[in-house]
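This is upload14.pdb. It holds PDB, C-alpha atoms.
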```pdb
MODEL        1
ATOM      1  CA  MET A 157      89.193  80.354 110.873
ATOM      2  CA  PRO A 158      92.005  79.416 113.269
ATOM      3  CA  ALA A 159      95.055  77.600 112.000
ATOM      4  CA  ALA A 160      95.010  73.862 112.528
ATOM      5  CA  ASN A 161      97.919  72.370 114.421
ATOM      6  CA  SER A 162      96.944  68.711 114.645
ATOM      7  CA  SER A 163      95.177  66.053 112.654
ATOM      8  CA  ARG A 164      92.178  66.402 115.014
ATOM      9  CA  ASP A 165      91.619  69.972 113.805
ATOM     10  CA  SER A 166      91.963  69.380 110.045
ATOM     11  CA  VAL A 167      90.280  67.165 107.525
ATOM     12  CA  TYR A 168      93.623  66.749 105.712
ATOM     13  CA  GLU A 169      96.956  65.730 107.197
ATOM     14  CA  MET A 170     100.425  65.468 105.657
ATOM     15  CA  ARG A 171     102.260  62.553 107.247
ATOM     16  CA  THR A 172     105.661  60.945 106.751
ATOM     17  CA  MET A 173     105.137  57.253 105.994
ATOM     18  CA  ARG A 174     107.876  55.400 107.854
ATOM     19  CA  THR A 175     106.764  51.866 108.724
ATOM     20  CA  GLY A 176     106.728  48.923 106.364
ATOM     21  CA  ALA A 177     102.921  48.853 106.479
ATOM     22  CA  GLU A 178     102.699  52.571 105.639
ATOM     23  CA  ARG A 179     105.131  52.182 102.746
ATOM     24  CA  ALA A 180     103.177  49.180 101.463
ATOM     25  CA  GLU A 181     100.045  51.339 101.587
ATOM     26  CA  ALA A 182     101.839  54.006  99.527
ATOM     27  CA  VAL A 183     102.898  51.419  96.931
ATOM     28  CA  ALA A 184      99.341  50.054  96.734
ATOM     29  CA  PHE A 185      98.041  53.610  96.316
ATOM     30  CA  ALA A 186     100.448  54.245  93.418
ATOM     31  CA  GLU A 187      99.493  50.947  91.773
ATOM     32  CA  ASP A 188      95.762  51.643  92.207
ATOM     33  CA  THR A 189      96.264  55.080  90.650
ATOM     34  CA  ALA A 190      98.029  53.479  87.677
ATOM     35  CA  LEU A 191      95.051  51.107  87.235
ATOM     36  CA  LEU A 192      92.556  53.993  87.362
ATOM     37  CA  LEU A 193      94.631  55.871  84.794
ATOM     38  CA  ALA A 194      94.769  52.756  82.613
ATOM     39  CA  HIS A 195      90.944  52.811  82.490
ATOM     40  CA  GLN A 196      91.342  56.254  80.898
ATOM     41  CA  ALA A 197      93.883  54.862  78.396
ATOM     42  CA  VAL A 198      96.779  56.468  80.283
ATOM     43  CA  ASP A 199      99.817  54.202  80.659
ATOM     44  CA  LEU A 200     101.758  55.314  83.759
ATOM     45  CA  PRO A 201     104.769  53.208  84.793
ATOM     46  CA  VAL A 202     105.041  53.110  88.593
ATOM     47  CA  GLY A 203     107.754  50.463  89.025
ATOM     48  CA  GLN A 204     110.576  52.883  89.884
ATOM     49  CA  LEU A 205     108.306  54.879  92.182
ATOM     50  CA  ALA A 206     107.290  51.695  94.014
ATOM     51  CA  VAL A 207     110.977  50.800  94.470
ATOM     52  CA  LEU A 208     111.618  54.233  95.995
ATOM     53  CA  MET A 209     108.626  53.916  98.308
ATOM     54  CA  ARG A 210     109.890  50.579  99.612
ATOM     55  CA  SER A 211     113.389  51.992 100.181
ATOM     56  CA  GLN A 212     114.619  54.513 102.730
ATOM     57  CA  ALA A 213     113.332  57.472 100.685
ATOM     58  CA  THR A 214     111.165  60.076 102.390
ATOM     59  CA  VAL A 215     107.574  59.167 101.524
ATOM     60  CA  ILE A 216     104.889  61.711 102.421
ATOM     61  CA  GLY A 217     101.183  60.967 102.315
ATOM     62  CA  LEU A 218      98.187  63.277 102.178
ATOM     63  CA  HIS A 219      95.445  61.804 104.356
ATOM     64  CA  GLU A 220      91.779  62.760 104.398
ATOM     65  CA  ASP A 221      90.061  61.697 107.619
ATOM     66  CA  GLY A 222      92.749  59.051 108.038
ATOM     67  CA  CYS A 223      92.584  57.687 104.448
ATOM     68  CA  LEU A 224      95.517  58.062 102.045
ATOM     69  CA  VAL A 225      94.419  60.256  99.124
ATOM     70  CA  GLY A 226      97.745  61.546  97.778
ATOM     71  CA  CYS A 227     101.386  60.574  97.950
ATOM     72  CA  LEU A 228     104.862  61.784  96.996
ATOM     73  CA  VAL A 229     108.530  60.903  97.417
ATOM     74  CA  VAL A 230     111.234  63.496  98.171
ATOM     75  CA  HIS A 231     114.623  63.229  96.412
ATOM     76  CA  PRO A 232     117.056  65.273  98.549
ATOM     77  CA  GLU A 233     120.280  64.180  96.820
ATOM     78  CA  ALA A 234     119.260  64.682  93.198
ATOM     79  CA  ASP A 235     121.605  65.959  90.481
ATOM     80  CA  LEU A 236     119.630  68.643  88.637
ATOM     81  CA  ARG A 237     122.395  69.914  86.350
ATOM     82  CA  PRO A 238     120.716  68.503  83.223
ATOM     83  CA  TRP A 239     117.636  70.659  83.893
ATOM     84  CA  GLY A 240     119.297  73.717  82.368
ATOM     85  CA  ARG A 241     119.926  77.308  83.332
ATOM     86  CA  ASP A 242     116.277  78.305  83.882
ATOM     87  CA  ASP A 243     116.127  76.087  86.955
ATOM     88  CA  ARG A 244     119.386  76.919  88.707
ATOM     89  CA  GLY A 245     117.683  78.195  91.842
ATOM     90  CA  ARG A 246     117.497  76.117  94.991
ATOM     91  CA  GLY A 247     114.626  73.695  94.993
ATOM     92  CA  LEU A 248     113.153  70.342  95.833
ATOM     93  CA  LEU A 249     112.868  67.333  93.520
ATOM     94  CA  VAL A 250     109.870  65.080  94.141
ATOM     95  CA  SER A 251     108.010  62.191  92.557
ATOM     96  CA  VAL A 252     104.261  62.652  92.895
ATOM     97  CA  VAL A 253     101.595  60.012  92.359
ATOM     98  CA  PRO A 254      99.645  61.998  89.744
ATOM     99  CA  PRO A 255      95.965  62.841  90.010
ATOM    100  CA  VAL A 256      93.419  60.804  88.081
ATOM    101  CA  PRO A 257      91.538  63.230  85.785
ATOM    102  CA  GLY A 258      87.929  63.507  86.883
ATOM    103  CA  CYS A 259      88.616  61.619  90.098
ATOM    104  CA  SER A 260      91.365  62.955  92.369
ATOM    105  CA  GLU A 261      92.044  66.524  91.260
ATOM    106  CA  GLN A 262      91.253  67.875  94.738
ATOM    107  CA  ALA A 263      93.993  65.782  96.319
ATOM    108  CA  GLY A 264      96.359  66.744  93.500
ATOM    109  CA  ARG A 265      95.543  70.423  94.008
ATOM    110  CA  LEU A 266      96.170  70.212  97.756
ATOM    111  CA  LEU A 267      99.472  68.375  97.239
ATOM    112  CA  THR A 268     100.538  71.023  94.720
ATOM    113  CA  LEU A 269      99.621  73.913  97.012
ATOM    114  CA  TRP A 270     101.324  72.218  99.944
ATOM    115  CA  LEU A 271     104.528  71.611  97.941
ATOM    116  CA  ALA A 272     104.650  75.239  96.761
ATOM    117  CA  ASP A 273     104.182  76.438 100.338
ATOM    118  CA  TYR A 274     106.640  73.915 101.818
ATOM    119  CA  ALA A 275     109.321  74.967  99.330
ATOM    120  CA  ALA A 276     108.741  78.680  99.935
ATOM    121  CA  SER A 277     108.713  78.211 103.709
ATOM    122  CA  ASN A 278     112.132  76.565 103.439
ATOM    123  CA  GLY A 279     113.623  79.366 101.339
ATOM    124  CA  LEU A 280     113.481  77.449  98.059
ATOM    125  CA  GLU A 281     112.467  78.725  94.628
ATOM    126  CA  TRP A 282     111.179  75.651  92.804
ATOM    127  CA  VAL A 283     109.677  72.204  93.086
ATOM    128  CA  TRP A 284     110.649  69.822  90.258
ATOM    129  CA  TRP A 285     109.016  66.578  89.149
ATOM    130  CA  GLU A 286     109.885  64.086  86.424
ATOM    131  CA  LEU A 287     106.735  62.359  85.205
ATOM    132  CA  PRO A 288     107.496  59.105  83.364
ATOM    133  CA  ALA A 289     106.188  58.699  79.855
ATOM    134  CA  ALA A 290     104.195  55.652  78.787
ATOM    135  CA  SER A 291     105.935  52.502  77.577
ATOM    136  CA  ASN A 292     105.710  53.830  74.003
ATOM    137  CA  GLY A 293     107.539  57.018  75.053
ATOM    138  CA  GLU A 294     104.437  59.211  74.739
ATOM    139  CA  MET A 295     102.812  61.284  77.464
ATOM    140  CA  SER A 296      99.043  61.396  77.790
ATOM    141  CA  ALA A 297      97.662  64.814  76.821
ATOM    142  CA  THR A 298      94.805  64.235  79.289
ATOM    143  CA  LEU A 299      97.204  63.682  82.179
ATOM    144  CA  LEU A 300      99.411  66.607  81.170
ATOM    145  CA  ASP A 301      96.363  68.879  80.966
ATOM    146  CA  ALA A 302      95.319  67.772  84.463
ATOM    147  CA  VAL A 303      98.788  68.467  85.871
ATOM    148  CA  ARG A 304      99.004  71.857  84.132
ATOM    149  CA  GLY A 305      95.601  72.704  85.584
ATOM    150  CA  LEU A 306      97.079  72.219  89.053
ATOM    151  CA  GLY A 307      99.749  74.838  88.363
ATOM    152  CA  TRP A 308     102.689  72.758  87.111
ATOM    153  CA  GLU A 309     104.591  73.967  84.047
ATOM    154  CA  ASP A 310     105.831  71.272  81.698
ATOM    155  CA  LEU A 311     109.221  71.486  80.019
ATOM    156  CA  PRO A 312     110.318  69.567  76.913
ATOM    157  CA  ALA A 313     110.365  65.781  77.235
ATOM    158  CA  VAL A 314     113.843  64.304  77.714
ATOM    159  CA  ARG A 315     115.578  61.080  78.650
ATOM    160  CA  SER A 316     116.347  60.703  82.341
ATOM    161  CA  ALA A 317     119.695  59.535  83.698
ATOM    162  CA  ASP A 318     118.508  55.909  83.462
ATOM    163  CA  GLY A 319     117.470  56.339  79.824
ATOM    164  CA  GLU A 320     113.717  56.551  80.379
ATOM    165  CA  GLN A 321     111.576  59.128  78.567
ATOM    166  CA  VAL A 322     110.224  61.675  81.063
ATOM    167  CA  VAL A 323     108.354  64.971  81.042
ATOM    168  CA  ARG A 324     109.943  67.490  83.371
ATOM    169  CA  LEU A 325     107.575  69.648  85.398
ATOM    170  CA  ARG A 326     108.283  72.612  87.621
ATOM    171  CA  LEU A 327     106.306  74.540  90.190
ATOM    172  CA  ARG A 328     107.265  77.944  91.536
ATOM    173  CA  ALA A 329     107.458  78.109  95.332
ATOM    174  CA  ALA A 330     104.783  80.334  96.888
ATOM    175  CA  VAL A 331     103.651  80.891 100.473
ATOM    176  CA  ARG A 332     100.083  79.683 101.079
ATOM    177  CA  ASP A 333      99.263  80.770 104.616
ATOM    178  CA  ALA A 334      95.622  79.650 104.404
ATOM    179  CA  LEU A 335      96.682  76.001 103.999
ATOM    180  CA  THR A 336      97.221  75.653 107.744
ATOM    181  CA  ALA A 337      93.445  75.873 108.177
ATOM    182  CA  VAL A 338      92.973  72.891 105.868
ATOM    183  CA  ILE A 339      96.054  70.675 106.209
ATOM    184  CA  SER A 340      97.584  69.895 109.594
ATOM    185  CA  ALA A 341     101.256  70.563 110.253
ATOM    186  CA  PRO A 342     103.256  67.555 109.059
ATOM    187  CA  ASP A 343     105.951  65.668 110.926
ATOM    188  CA  ILE A 344     108.576  65.757 108.194
ATOM    189  CA  PRO A 345     112.345  65.602 108.683
ATOM    190  CA  PRO A 346     114.394  68.543 107.346
ATOM    191  CA  THR A 347     114.963  68.174 103.616
ATOM    192  CA  PRO A 348     118.151  69.573 102.095
ATOM    193  CA  ALA A 349     117.647  71.630  98.955
ATOM    194  CA  VAL A 350     119.168  70.660  95.658
ATOM    195  CA  SER A 351     120.475  73.049  93.046
ATOM    196  CA  ALA A 352     120.852  72.708  89.289
ATOM    197  CA  ARG A 353     124.327  74.232  89.085
TER
ENDMDL
END
```
Have the structure of the file written as structure tokens, please.
Amino acid sequence: MPAANSSRDSVYEMRTMRTGAERAEAVAFAEDTALLLAHQAVDLPVGQLAVLMRSQATVIGLHEDGCLVGCLVVHPEADLRPWGRDDRGRGLLVSVVPPVPGCSEQAGRLLTLWLADYAASNGLEWVWWELPAASNGEMSATLLDAVRGLGWEDLPAVRSADGEQVVRLRLRAAVRDALTAVISAPDIPPTPAVSAR
């Protein structure tokens, strides 16, 4: 199958969400995901993520036939020193709107594969993600199982720089050449790597 080079050739498209309307769509998507998770008794705070999406952060959406089905924010200036010596390689810190178990695993899988490939294609070793815990400080085992099933490795829960309880996740970078037949080439500005030194 030939590689796809435009959104006309692929069902899925990665797209930078720049306009106010696109960012509002990303915020609504994150809030809708939180509501769907709440129906599964999963409390996922999305307030900080919504703030980032409304700001000048790089917001990237996964679109299926023009509809937003997955979303993430890139953090190019992150301080990863607290992550410890196992993660000292160059990498990319992101915030991902998590998949809803039983509902959006396909989008979550494609986002995960794309992130691993994007990192590897840019000479990076890791992708990192801090998933916020629920308001009671606990993380849903159902959600963690879903994320692990996508290929993320969870590290011990910690408190983030702002004092919130988070579960740290990491994904090893890996080239996925076949993705170009499924997801069109994105229009994403260069993202500087961060390092946990």
Q: Please evaluate the PyMOL selection byres ((chain A and resi 302) around 12) against the structure above and give the resulting residues as a PyMOL selection string.
A: chain A and resi 193+254-262+264-265+268+296-301+303-310
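Residue membership of the PyMOL selection byres ((chain A and resi 229) around 9) in the shown file amounts to Leu205, Leu208, Met209, Ala213, Thr214, Val215, Ile216, Gly217, Cys227, Leu228, Val230, His231, Leu249, Val250, Ser251, Val252 and Val253 of chain A.
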**Q.** Distance of CA of Trp270 in chain A from CA of Ala177 in chain A, expressed in Å to one decimal place
**A.** 24.3 Å
Q.
For the provided coordinates, the residues matched by the PyMOL selection byres ((chain A and resi 275) around 10) should be stated as a list of chain:residue names.
A. A:Arg246, A:Gly247, A:Leu248, A:Trp270, A:Leu271, A:Ala272, A:Asp273, A:Tyr274, A:Ala276, A:Ser277, A:Asn278, A:Gly279, A:Leu280, A:Glu281, A:Trp282, A:Val283, A:Leu327, A:Arg328, A:Ala329, A:Ala330, A:Val331, A:Thr347, A:Ala349
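Considering only C-alpha atoms, the residue among A:Pro288, A:Gly319, A:Gly222, A:Gly203 positioned nearest to Met170 in chain A is A:Gly222.
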Q | Length of the CA of Glu178 in chain A to CA of Val207 in chain A vector [Å] | A |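 It comes out at 14.0 Å.
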Q: Point out the residue among A:Leu266, A:Val322, A:Leu311, A:Ala290 with the least atom-to-atom distance to Leu335 in chain A, counting all atoms listed in the file.
A: A:Leu266
Centre and edges of the range 278-293 of chain A box, axis-aligned, 8 Å extra per side, as JSON:
```
{"center_x": 108.9, "center_y": 65.9, "center_z": 88.7, "size_x": 25.4, "size_y": 42.9, "size_z": 45.4}
```
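We find CA of Glu286 in chain A and CA of Ala313 in chain A to be spaced 9.4 Å apart.
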Q) Hey, which of A:Val167, A:Pro312, A:Ala206, A:Pro201 ends up closest to Val183 in chain A? Count all atoms listed in the file. A)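 Of the candidates, the smallest distance to Val183 in chain A is held by A:Ala206.
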Q: Taking the point (116.6, 62.0, 79.3) as given in the file, collect each protein or nucleic acid residue that comes within 12 Å of it, counting all atoms listed in the file, and present the set as a list of chain:residue names.
A: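 The answer, in the requested form, is A:Leu236, A:Pro238, A:Trp239, A:Glu286, A:Leu287, A:Pro288, A:Ala289, A:Gly293, A:Pro312, A:Ala313, A:Val314, A:Arg315, A:Ser316, A:Ala317, A:Asp318, A:Gly319, A:Glu320, A:Gln321, A:Val322, A:Val323, A:Arg324.
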Q.
Using only C-alpha atoms, can you tell me which of A:Thr189, A:Gln212, A:Gln204, A:Gln196 comes closest to Thr172 in chain A?
A. A:Gln212
Can you tell me which residues surround Leu224 in chain A at a distance of at most 9 Å, considering all atoms listed in the file, apart from same-chain residues fewer than 3 positions away, and format the answer as a PDB file with C-alpha atoms, keeping the file's coordinate frame?
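So the final result, stored in around_37.pdb, reads:
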```
ATOM      1  CA  GLU A 181     100.045  51.339 101.587  1.00  0.00           C
ATOM      2  CA  ALA A 182     101.839  54.006  99.527  1.00  0.00           C
ATOM      3  CA  PHE A 185      98.041  53.610  96.316  1.00  0.00           C
ATOM      4  CA  GLY A 217     101.183  60.967 102.315  1.00  0.00           C
ATOM      5  CA  LEU A 218      98.187  63.277 102.178  1.00  0.00           C
ATOM      6  CA  HIS A 219      95.445  61.804 104.356  1.00  0.00           C
ATOM      7  CA  GLU A 220      91.779  62.760 104.398  1.00  0.00           C
ATOM      8  CA  ASP A 221      90.061  61.697 107.619  1.00  0.00           C
ATOM      9  CA  CYS A 227     101.386  60.574  97.950  1.00  0.00           C
TER      10      CYS A 227
END
```
